[in-house]
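*Asks:* Pasting a structure below so you can have a look.
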Amino acid sequence: MPIDYQKLQKVLVESELLTKDQLNMAQEKSHSTNLPLEKILSEYEFLSGEHLGQVIADIFEVPFVNLKKKSIEDGVLRIIPELVAKKQNIISFDRDQGGIKVAMFDPGDEEIIQFIQKKTGEQVVRYFAMSNDISEALAHYNRGLKEEFDDIIKQNIEAARQKTGEDLELPVTRIVDTILEYAYQNKVSDIHIEPHEGQILVRFRIDGILHDVVFMPKDIHPFIVTRLKIMSKLRTDEHRAAQDGRLDFSVENEHVDVRVSIIPISDGEKIVMRILSEKSRRLTLAELGLENTDLQKVERGFKKPYGMILATGPTGSGKTTTLYAILKILNTREVNISTIEDPVEYDMEGVNQIQVNAKTNLTFAHGLRSILRQDPDIIMVGEIRDEDTAGIAINSAMTGHLVLSTLHTNDAPTTLPRLLDMKIEPFLIASTVNVAIAQRLVRRIHQGCIESYLPKSDDIKNLEKSLGKDRAIKIGLHKKGFRLYRGKGCKLCNGTGYEGRVGIFEVLEVTEKIRQLIMQRSNSDDIRKVAVSEGMTTMLDDGLNKVVKGATTIDELFRATRE
């Protein structure tokens, strides 16, 4: 039984979860993108996934389950065969005396209910879950892949050693494919293949932290390098110069782009691959970690027809992901959006995306000049690296365009003096910059094994010393029963206690007082004082709010803010 959209729309408006204008906008976007209405409502920030899921579950008259908050035991998971679960987009997540609890996008599917009941001899308790949540939870089937991964690698290494010439290609191809697939399934952002004196080390960056995964014999290293060079269309006879390329592969019905960098080091050629998965670009601003007034400031910034929104922070802090989340909201048929990126990390339908190419002199500055002749409404510049790009971007914002870009600064207030350093006139900065967003990424506590604990007295003293008295009072550090959170570590999170990441933010909205400081060429400290007095939440304070709520740990916060 599909969702009754008329009933859904009526409930959403009557319960004041959406206005009629918002609903009409969502319906128009659904028609123009050919995506289901519920997908538009959750992905384009009209409504949070949990709110929407609860409403739809009420229409189906079944309970709602947020699978992100569930730890699924392997025995329960495998009640439903993997192929059936993936084909039907369902998952069994719990079991008790009442029966097997099954999360479904269509709880009215009697055929699959009868199949499970006949197979198990138990009752099925139906729950509604959002389709994308079920898809992500289905990755639990791959959680025990570590042993399988090691076995496949060992088998193919042995096969590789017994073969020569063309016969060697097959096992080496399987080794490379296994590394890529295993990385995708475990939400790896970067793969490092490092040659050492007697062996190769494969390391994965998961949630910002590098983990050793597998050691392989040194003698197959040249063949792995050659295989990856062929896949990336790089020169196989070049071993002394750095090379950059791209490859792509398909896994679980998703097309995945991989950026490949190969450099010569003392023990051979080191390979680093950045996985650019579409999944990592589907997040909404709220899912990224923007909350309350910070989210409102960003929304005010991108709803203006012109001006500049800048995301700042070090490499790997999620700046581009934040800009993609904004573009996703702005991407309608009524506007012309163009981007210049290095590289294009995620293809967005309806957006004109240009890849920087140094060989043809297609730089950020040259690409931006070309975009301005294409009648754009909204422009995204991957990064402002030099004075030329900064000047064109600022002038574009001045002449009626909304410009989104990234900049390398440590915090939001430093963004404005940084533009002064790039020879931009104060009056141009003051009149064009709408919002500066500084951010870092911290690991989320795995909700399947989260626990609260009472910090020891020594820990409380150290925390007060690190945070300062005012912040300690603000979070209630000395109150009786004050608790912090951590992950115990379990099989599902590989014993780390973490799963996924969330942003901590500092959003500076350029107000009249801030404009006056820019005109006076004030330093970042003066700008920060005024911004805080006007209600800006600092990155540390935003992080502390997330620590108190149990989203991350105090150790993670300090790691991210003190780097």
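Quick note on naming: the chains in the structure tokens go A, B, ... in the order shown, residues restart at 1 in each chain, and ligands are numbered from 1 in order of appearance.
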Give me the residues near A:Asn331 as a VMD selection string, where near means some atom within 12 Å (using only C-alpha atoms) and where sequence neighbours in that chain fewer than 5 positions away do not count.

*Replies:* chain A and resid 29 32 to 33 44 302 323 to 326 336 to 338 348 to 352 377 to 379

*Asks:* Please return, as a VMD selection string, all residues of stretch 306-532 of chain A that DSSP assigns to helix (DSSP H, G or I) on the basis of the backbone.

*Replies:* chain A and resid 319 to 330 358 to 360 364 to 372 387 to 398 412 to 421 426 to 432 457 to 467 469 to 474 491 to 493 512 to 519 524 to 532

*Asks:* Considering only C-alpha atoms, return as a count of residues only whatever protein or nucleic-acid residues lie within 6 Å of stretch 88-101 of chain A, sequence-local ones (same chain, fewer than 2 positions apart) excluded.

*Replies:* 11

*Asks:* Name all residues at most 7 Å from stretch 555-561 of chain A (count only C-alpha atoms; drop same-chain ones fewer than 6 positions away) and give them as an NGL selection string.

*Replies:* :A and (440-443 or 540 or 543)

*Asks:* Check the smallest atom-to-atom distance from each of A:Arg528, A:Asp388, A:Pro171, A:Thr120 to A:Arg78 using only C-alpha atoms, then report the winner.

*Replies:*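 For A:Arg78, the nearest of the candidates is A:Thr120.
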
*Asks:* Can you tell me, as an MDAnalysis selection string, what residues are no more than 9 Å from stretch 304-313 of chain A when counting only C-alpha atoms, ignoring any on the same chain fewer than 2 positions away?

*Replies:* chainID A and resid 298:302 315:320 322:323 377:378 393:394 396:412 415 431:440

*Asks:* Enumerate the residues of stretch 260-450 of chain A with a DSSP assignment of strand (DSSP E or B), computed from the backbone, and present them as a ChimeraX atom specification.

*Replies:* /A:260-265,268-276,307-312,337-341,352-355,357,362,378-381,402-407,433-445,450

*Asks:* Between atom CA of A:Gln117 and atom CA of A:Ile79, what is the distance, to one decimal in Å?

*Replies:*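 Calculated distance between atom CA of A:Gln117 and atom CA of A:Ile79 is 10.6 Å.
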
*Asks:* Using only C-alpha atoms for the distances, tell me which of A:Val188, A:Leu508, A:Val102, A:Ile179 is nearest to A:Phe204.

*Replies:*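 Checking each of A:Val188, A:Leu508, A:Val102, A:Ile179 against A:Phe204, counting only C-alpha atoms, the winner is A:Val188.
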
*Asks:* Find the residues of stretch 491-544 of chain A that sit at most 10 Å from stretch 447-464 of chain A; for each, write down the nearest two atoms and how far apart they are in Å, to one decimal. Count only C-alpha atoms. Sort by chain, then by number going up, and give it as a tab-separated table.

*Replies:*
```
residue	atom	partner	partner_atom	distance
A:Lys491	CA	A:Cys449	CA	9.6
A:Leu492	CA	A:Gly448	CA	8.0
A:Cys493	CA	A:Gly448	CA	8.5
A:Gly495	CA	A:Cys449	CA	9.7
A:Gly497	CA	A:Cys449	CA	6.9
A:Tyr498	CA	A:Gln447	CA	8.2
A:Glu499	CA	A:Gln447	CA	8.0
```

*Asks:* Might you pull out every residue within 6 Å of stretch 354-366 of chain A, with only C-alpha atoms counted and same-chain residues fewer than 4 positions away left off, and present them as a ChimeraX atom specification?

*Replies:* /A:339-344,389

*Asks:* When you look at A:Ala242 with a cut-off of 10 Å (counting only C-alpha atoms), what residues show up, excluding the ones that are within fewer than 4 positions of it in the same chain? I need them as an MDAnalysis selection string.

*Replies:* chainID A and resid 238 261:265 269:270

*Asks:* Measuring between only C-alpha atoms, which one of A:Ile475, A:Leu180, A:Met519, A:Met216 shows the shortest distance to A:Pro417?

*Replies:*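 Of A:Ile475, A:Leu180, A:Met519, A:Met216, the one nearest A:Pro417, counting only C-alpha atoms, is A:Met519.
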
*Asks:* Quote the spacing between atom CA of A:Leu247 and atom CA of A:Val202 in Å to one decimal place.

*Replies:*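 Going from atom CA of A:Leu247 over to atom CA of A:Val202, I get 18.4 Å.
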
*Asks:* To one decimal place in Å, what is the distance between atom CA of A:Gly503 and atom CA of A:Gly289?

*Replies:*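 So the answer is 5.0 Å.
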
*Asks:* Which residue out of A:Ala57, A:Ala26, A:Leu419, A:Ile116 has the minimum interatomic distance to A:Ser524 when only C-alpha atoms are used?

*Replies:*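 The closest residue to A:Ser524 is A:Leu419.
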